Amino acid sequence: MSAPDGSPVGAERSIGRLVASATTEMSALVHDEIALAKAQLKRDVKRGAVSGGAFAAAGAVLIFSLPMLSFALAYGIRTWTDWNLAICFVLSFAANVLVAAVLALIGVVFAKKAKKGKGPQKVAASVKETAGVLQNAKPHPRTAPVEDALEAVARSSS
């Protein structure tokens with residue numbers, strides 16, 4: 001079994017290897033957080049596009065279907081009920097408005113979902129938290145000062 005850098009588990013690594021390993025891991029963390037932010041933005045943009053499409057569909061249905069559907073529906077109601085033609089036209093208009101309202105409601109639901117998506121804010125908070133942890137990181141205290149260790153080595157070799 002070996003550590004991620006290839007050295008055996010339990011073996012002491014040099015300061016250079018530790019710094020290189022920490023740098024590599026920090027770089028990977030930053031890249032992963034950027035990828036997460038991109039994915040969340042993509043999702044929010046997609047929701048916004050669906051919302052815009054639903055609003056556009058509601059407008060198109062209301063504008064383009066009113067003349068054709070109104071006439072067809074009004075004359076159909078007149079044929080089935082023998083009511084006054086004006087009442088039949090009002091009923092057909094109400095049906096078209098109801099369809100447009102349902103499509104607009106779908107657009108509102110997707111717009112709210114797009115607004116709720118706080119992908120970049122979550123990632124920004126995560127980055128700030130990581131930066132705060134790294135700023136407060138302190139090296140482990142050493143048991144013996146380096147100068148004492150150097151003197152001990154110097155005395156033992158003389």
# chains A, B, ... in the order shown; residues from 1 in each chain; ligands from 1

call {"tool": "residues_around", "arguments": {"residues": "Val50 (chain A)", "least_positions_apart": "6", "cutoff": "10 Å", "atoms": "only C-alpha atoms", "output": "list in words"}}
result
Asp44, Ala56, Ile106, Gly107, Phe110, Ala111 and Ala114 of chain A

call {"tool": "residues_around", "arguments": {"residues": "region 63-80 of chain A", "least_positions_apart": "6", "cutoff": "12 Å", "atoms": "only C-alpha atoms", "output": "VMD selection string"}}
result
chain A and resid 56 to 57 86 to 100

call {"tool": "atom_distance", "arguments": {"atom1": "CA of Arg47 (chain A)", "atom2": "CA of Lys115 (chain A)"}}
result
9.0 Å

call {"tool": "atom_distance", "arguments": {"atom1": "CA of Lys113 (chain A)", "atom2": "CA of Gly59 (chain A)"}}
result
20.7 Å

call {"tool": "atom_distance", "arguments": {"atom1": "CA of Ser126 (chain A)", "atom2": "CA of Leu36 (chain A)"}}
result
10.8 Å

call {"tool": "select_by_dssp", "arguments": {"residues": "region 2-80 of chain A", "states": "alpha helix (DSSP H)", "output": "PyMOL selection string"}}
result
chain A and resi 15-80

call {"tool": "residues_around", "arguments": {"residues": "Val30 (chain A)", "least_positions_apart": "5", "cutoff": "10 Å", "atoms": "only C-alpha atoms", "output": "ChimeraX atom specification"}}
result
/A:25,35-36,127,130

call {"tool": "closest_residue", "arguments": {"among": "A:Ala101, A:Ile34, A:Leu41, A:Val109", "to": "Leu62 (chain A)", "atoms": "only C-alpha atoms"}}
result
A:Ala101

call {"tool": "decode", "arguments": {"residues": "region 67-116 of chain A", "atoms": "N, CA and C atoms", "output": "PDB file, in the first residue's frame"}}
result
ATOM      1  N   PRO A  67     -58.001  34.484 -33.078  1.00  0.00           N
ATOM      2  CA  PRO A  67     -58.958  34.600 -34.190  1.00  0.00           C
ATOM      3  C   PRO A  67     -59.522  33.247 -34.628  1.00  0.00           C
ATOM      4  N   MET A  68     -58.653  32.281 -34.865  1.00  0.00           N
ATOM      5  CA  MET A  68     -59.115  30.990 -35.384  1.00  0.00           C
ATOM      6  C   MET A  68     -59.947  30.234 -34.344  1.00  0.00           C
ATOM      7  N   LEU A  69     -59.411  30.139 -33.143  1.00  0.00           N
ATOM      8  CA  LEU A  69     -60.125  29.394 -32.116  1.00  0.00           C
ATOM      9  C   LEU A  69     -61.416  30.091 -31.698  1.00  0.00           C
ATOM     10  N   SER A  70     -61.381  31.402 -31.671  1.00  0.00           N
ATOM     11  CA  SER A  70     -62.582  32.134 -31.266  1.00  0.00           C
ATOM     12  C   SER A  70     -63.737  31.889 -32.239  1.00  0.00           C
ATOM     13  N   PHE A  71     -63.438  32.003 -33.507  1.00  0.00           N
ATOM     14  CA  PHE A  71     -64.497  31.772 -34.488  1.00  0.00           C
ATOM     15  C   PHE A  71     -64.988  30.330 -34.457  1.00  0.00           C
ATOM     16  N   ALA A  72     -64.048  29.399 -34.421  1.00  0.00           N
ATOM     17  CA  ALA A  72     -64.432  27.990 -34.437  1.00  0.00           C
ATOM     18  C   ALA A  72     -65.233  27.624 -33.194  1.00  0.00           C
ATOM     19  N   LEU A  73     -64.758  28.064 -32.053  1.00  0.00           N
ATOM     20  CA  LEU A  73     -65.441  27.738 -30.811  1.00  0.00           C
ATOM     21  C   LEU A  73     -66.805  28.429 -30.720  1.00  0.00           C
ATOM     22  N   ALA A  74     -66.859  29.691 -31.124  1.00  0.00           N
ATOM     23  CA  ALA A  74     -68.126  30.422 -31.051  1.00  0.00           C
ATOM     24  C   ALA A  74     -69.184  29.782 -31.948  1.00  0.00           C
ATOM     25  N   TYR A  75     -68.792  29.446 -33.164  1.00  0.00           N
ATOM     26  CA  TYR A  75     -69.776  28.825 -34.056  1.00  0.00           C
ATOM     27  C   TYR A  75     -70.122  27.405 -33.599  1.00  0.00           C
ATOM     28  N   GLY A  76     -69.168  26.730 -32.977  1.00  0.00           N
ATOM     29  CA  GLY A  76     -69.466  25.397 -32.435  1.00  0.00           C
ATOM     30  C   GLY A  76     -70.458  25.473 -31.285  1.00  0.00           C
ATOM     31  N   ILE A  77     -70.247  26.438 -30.383  1.00  0.00           N
ATOM     32  CA  ILE A  77     -71.194  26.601 -29.270  1.00  0.00           C
ATOM     33  C   ILE A  77     -72.587  26.969 -29.811  1.00  0.00           C
ATOM     34  N   ARG A  78     -72.588  27.845 -30.791  1.00  0.00           N
ATOM     35  CA  ARG A  78     -73.874  28.268 -31.396  1.00  0.00           C
ATOM     36  C   ARG A  78     -74.610  27.058 -31.992  1.00  0.00           C
ATOM     37  N   THR A  79     -73.854  26.171 -32.647  1.00  0.00           N
ATOM     38  CA  THR A  79     -74.455  25.002 -33.269  1.00  0.00           C
ATOM     39  C   THR A  79     -75.038  24.063 -32.206  1.00  0.00           C
ATOM     40  N   TRP A  80     -74.313  23.868 -31.093  1.00  0.00           N
ATOM     41  CA  TRP A  80     -74.751  22.928 -30.077  1.00  0.00           C
ATOM     42  C   TRP A  80     -75.879  23.472 -29.201  1.00  0.00           C
ATOM     43  N   THR A  81     -75.895  24.804 -28.979  1.00  0.00           N
ATOM     44  CA  THR A  81     -76.820  25.335 -27.976  1.00  0.00           C
ATOM     45  C   THR A  81     -77.883  26.283 -28.518  1.00  0.00           C
ATOM     46  N   ASP A  82     -77.712  26.799 -29.691  1.00  0.00           N
ATOM     47  CA  ASP A  82     -78.617  27.806 -30.259  1.00  0.00           C
ATOM     48  C   ASP A  82     -78.678  29.084 -29.411  1.00  0.00           C
ATOM     49  N   TRP A  83     -77.542  29.386 -28.711  1.00  0.00           N
ATOM     50  CA  TRP A  83     -77.469  30.634 -27.949  1.00  0.00           C
ATOM     51  C   TRP A  83     -77.164  31.780 -28.901  1.00  0.00           C
ATOM     52  N   ASN A  84     -77.245  33.007 -28.360  1.00  0.00           N
ATOM     53  CA  ASN A  84     -76.905  34.195 -29.121  1.00  0.00           C
ATOM     54  C   ASN A  84     -75.422  34.114 -29.528  1.00  0.00           C
ATOM     55  N   LEU A  85     -75.103  34.539 -30.734  1.00  0.00           N
ATOM     56  CA  LEU A  85     -73.727  34.440 -31.260  1.00  0.00           C
ATOM     57  C   LEU A  85     -72.740  35.262 -30.424  1.00  0.00           C
ATOM     58  N   ALA A  86     -73.157  36.398 -29.884  1.00  0.00           N
ATOM     59  CA  ALA A  86     -72.269  37.231 -29.058  1.00  0.00           C
ATOM     60  C   ALA A  86     -71.836  36.484 -27.797  1.00  0.00           C
ATOM     61  N   ILE A  87     -72.760  35.784 -27.152  1.00  0.00           N
ATOM     62  CA  ILE A  87     -72.412  35.011 -25.955  1.00  0.00           C
ATOM     63  C   ILE A  87     -71.444  33.897 -26.325  1.00  0.00           C
ATOM     64  N   CYS A  88     -71.610  33.306 -27.455  1.00  0.00           N
ATOM     65  CA  CYS A  88     -70.711  32.232 -27.903  1.00  0.00           C
ATOM     66  C   CYS A  88     -69.300  32.768 -28.119  1.00  0.00           C
ATOM     67  N   PHE A  89     -69.178  33.980 -28.674  1.00  0.00           N
ATOM     68  CA  PHE A  89     -67.847  34.570 -28.871  1.00  0.00           C
ATOM     69  C   PHE A  89     -67.187  34.914 -27.532  1.00  0.00           C
ATOM     70  N   VAL A  90     -67.933  35.382 -26.570  1.00  0.00           N
ATOM     71  CA  VAL A  90     -67.385  35.684 -25.240  1.00  0.00           C
ATOM     72  C   VAL A  90     -66.886  34.405 -24.576  1.00  0.00           C
ATOM     73  N   LEU A  91     -67.624  33.335 -24.692  1.00  0.00           N
ATOM     74  CA  LEU A  91     -67.193  32.059 -24.111  1.00  0.00           C
ATOM     75  C   LEU A  91     -65.925  31.539 -24.780  1.00  0.00           C
ATOM     76  N   SER A  92     -65.809  31.701 -26.090  1.00  0.00           N
ATOM     77  CA  SER A  92     -64.598  31.226 -26.765  1.00  0.00           C
ATOM     78  C   SER A  92     -63.388  32.077 -26.363  1.00  0.00           C
ATOM     79  N   PHE A  93     -63.592  33.370 -26.173  1.00  0.00           N
ATOM     80  CA  PHE A  93     -62.499  34.234 -25.706  1.00  0.00           C
ATOM     81  C   PHE A  93     -62.066  33.816 -24.299  1.00  0.00           C
ATOM     82  N   ALA A  94     -63.014  33.517 -23.432  1.00  0.00           N
ATOM     83  CA  ALA A  94     -62.691  33.094 -22.066  1.00  0.00           C
ATOM     84  C   ALA A  94     -61.881  31.795 -22.063  1.00  0.00           C
ATOM     85  N   ALA A  95     -62.206  30.891 -22.958  1.00  0.00           N
ATOM     86  CA  ALA A  95     -61.436  29.637 -23.047  1.00  0.00           C
ATOM     87  C   ALA A  95     -59.996  29.915 -23.472  1.00  0.00           C
ATOM     88  N   ASN A  96     -59.791  30.826 -24.421  1.00  0.00           N
ATOM     89  CA  ASN A  96     -58.432  31.170 -24.861  1.00  0.00           C
ATOM     90  C   ASN A  96     -57.646  31.846 -23.744  1.00  0.00           C
ATOM     91  N   VAL A  97     -58.292  32.714 -23.005  1.00  0.00           N
ATOM     92  CA  VAL A  97     -57.616  33.377 -21.880  1.00  0.00           C
ATOM     93  C   VAL A  97     -57.242  32.353 -20.820  1.00  0.00           C
ATOM     94  N   LEU A  98     -58.077  31.375 -20.585  1.00  0.00           N
ATOM     95  CA  LEU A  98     -57.776  30.325 -19.606  1.00  0.00           C
ATOM     96  C   LEU A  98     -56.526  29.533 -20.018  1.00  0.00           C
ATOM     97  N   VAL A  99     -56.414  29.185 -21.300  1.00  0.00           N
ATOM     98  CA  VAL A  99     -55.227  28.464 -21.786  1.00  0.00           C
ATOM     99  C   VAL A  99     -53.977  29.327 -21.607  1.00  0.00           C
ATOM    100  N   ALA A 100     -54.063  30.599 -21.952  1.00  0.00           N
ATOM    101  CA  ALA A 100     -52.910  31.497 -21.797  1.00  0.00           C
ATOM    102  C   ALA A 100     -52.532  31.653 -20.326  1.00  0.00           C
ATOM    103  N   ALA A 101     -53.515  31.698 -19.423  1.00  0.00           N
ATOM    104  CA  ALA A 101     -53.238  31.824 -17.990  1.00  0.00           C
ATOM    105  C   ALA A 101     -52.506  30.596 -17.458  1.00  0.00           C
ATOM    106  N   VAL A 102     -52.904  29.422 -17.924  1.00  0.00           N
ATOM    107  CA  VAL A 102     -52.216  28.189 -17.487  1.00  0.00           C
ATOM    108  C   VAL A 102     -50.764  28.205 -17.953  1.00  0.00           C
ATOM    109  N   LEU A 103     -50.522  28.597 -19.197  1.00  0.00           N
ATOM    110  CA  LEU A 103     -49.145  28.662 -19.698  1.00  0.00           C
ATOM    111  C   LEU A 103     -48.332  29.727 -18.955  1.00  0.00           C
ATOM    112  N   ALA A 104     -48.948  30.856 -18.646  1.00  0.00           N
ATOM    113  CA  ALA A 104     -48.255  31.891 -17.875  1.00  0.00           C
ATOM    114  C   ALA A 104     -47.930  31.393 -16.468  1.00  0.00           C
ATOM    115  N   LEU A 105     -48.818  30.623 -15.865  1.00  0.00           N
ATOM    116  CA  LEU A 105     -48.573  30.052 -14.537  1.00  0.00           C
ATOM    117  C   LEU A 105     -47.378  29.105 -14.570  1.00  0.00           C
ATOM    118  N   ILE A 106     -47.285  28.315 -15.623  1.00  0.00           N
ATOM    119  CA  ILE A 106     -46.111  27.438 -15.782  1.00  0.00           C
ATOM    120  C   ILE A 106     -44.844  28.277 -15.863  1.00  0.00           C
ATOM    121  N   GLY A 107     -44.905  29.381 -16.605  1.00  0.00           N
ATOM    122  CA  GLY A 107     -43.752  30.277 -16.701  1.00  0.00           C
ATOM    123  C   GLY A 107     -43.368  30.865 -15.357  1.00  0.00           C
ATOM    124  N   VAL A 108     -44.342  31.226 -14.549  1.00  0.00           N
ATOM    125  CA  VAL A 108     -44.069  31.787 -13.223  1.00  0.00           C
ATOM    126  C   VAL A 108     -43.408  30.743 -12.327  1.00  0.00           C
ATOM    127  N   VAL A 109     -43.887  29.520 -12.384  1.00  0.00           N
ATOM    128  CA  VAL A 109     -43.301  28.454 -11.549  1.00  0.00           C
ATOM    129  C   VAL A 109     -41.833  28.249 -11.901  1.00  0.00           C
ATOM    130  N   PHE A 110     -41.514  28.178 -13.192  1.00  0.00           N
ATOM    131  CA  PHE A 110     -40.124  27.981 -13.585  1.00  0.00           C
ATOM    132  C   PHE A 110     -39.272  29.211 -13.288  1.00  0.00           C
ATOM    133  N   ALA A 111     -39.851  30.397 -13.368  1.00  0.00           N
ATOM    134  CA  ALA A 111     -39.106  31.615 -13.037  1.00  0.00           C
ATOM    135  C   ALA A 111     -38.741  31.635 -11.553  1.00  0.00           C
ATOM    136  N   LYS A 112     -39.659  31.193 -10.701  1.00  0.00           N
ATOM    137  CA  LYS A 112     -39.363  31.135  -9.268  1.00  0.00           C
ATOM    138  C   LYS A 112     -38.274  30.115  -8.972  1.00  0.00           C
ATOM    139  N   LYS A 113     -38.308  28.989  -9.678  1.00  0.00           N
ATOM    140  CA  LYS A 113     -37.268  27.978  -9.482  1.00  0.00           C
ATOM    141  C   LYS A 113     -35.919  28.518  -9.918  1.00  0.00           C
ATOM    142  N   ALA A 114     -35.892  29.276 -10.999  1.00  0.00           N
ATOM    143  CA  ALA A 114     -34.630  29.846 -11.477  1.00  0.00           C
ATOM    144  C   ALA A 114     -34.106  30.882 -10.493  1.00  0.00           C
ATOM    145  N   LYS A 115     -34.992  31.652  -9.874  1.00  0.00           N
ATOM    146  CA  LYS A 115     -34.557  32.646  -8.892  1.00  0.00           C
ATOM    147  C   LYS A 115     -34.051  31.984  -7.617  1.00  0.00           C
ATOM    148  N   LYS A 116     -34.677  30.866  -7.232  1.00  0.00           N
ATOM    149  CA  LYS A 116     -34.271  30.176  -6.012  1.00  0.00           C
ATOM    150  C   LYS A 116     -32.885  29.563  -6.142  1.00  0.00           C
TER     151      LYS A 116
END
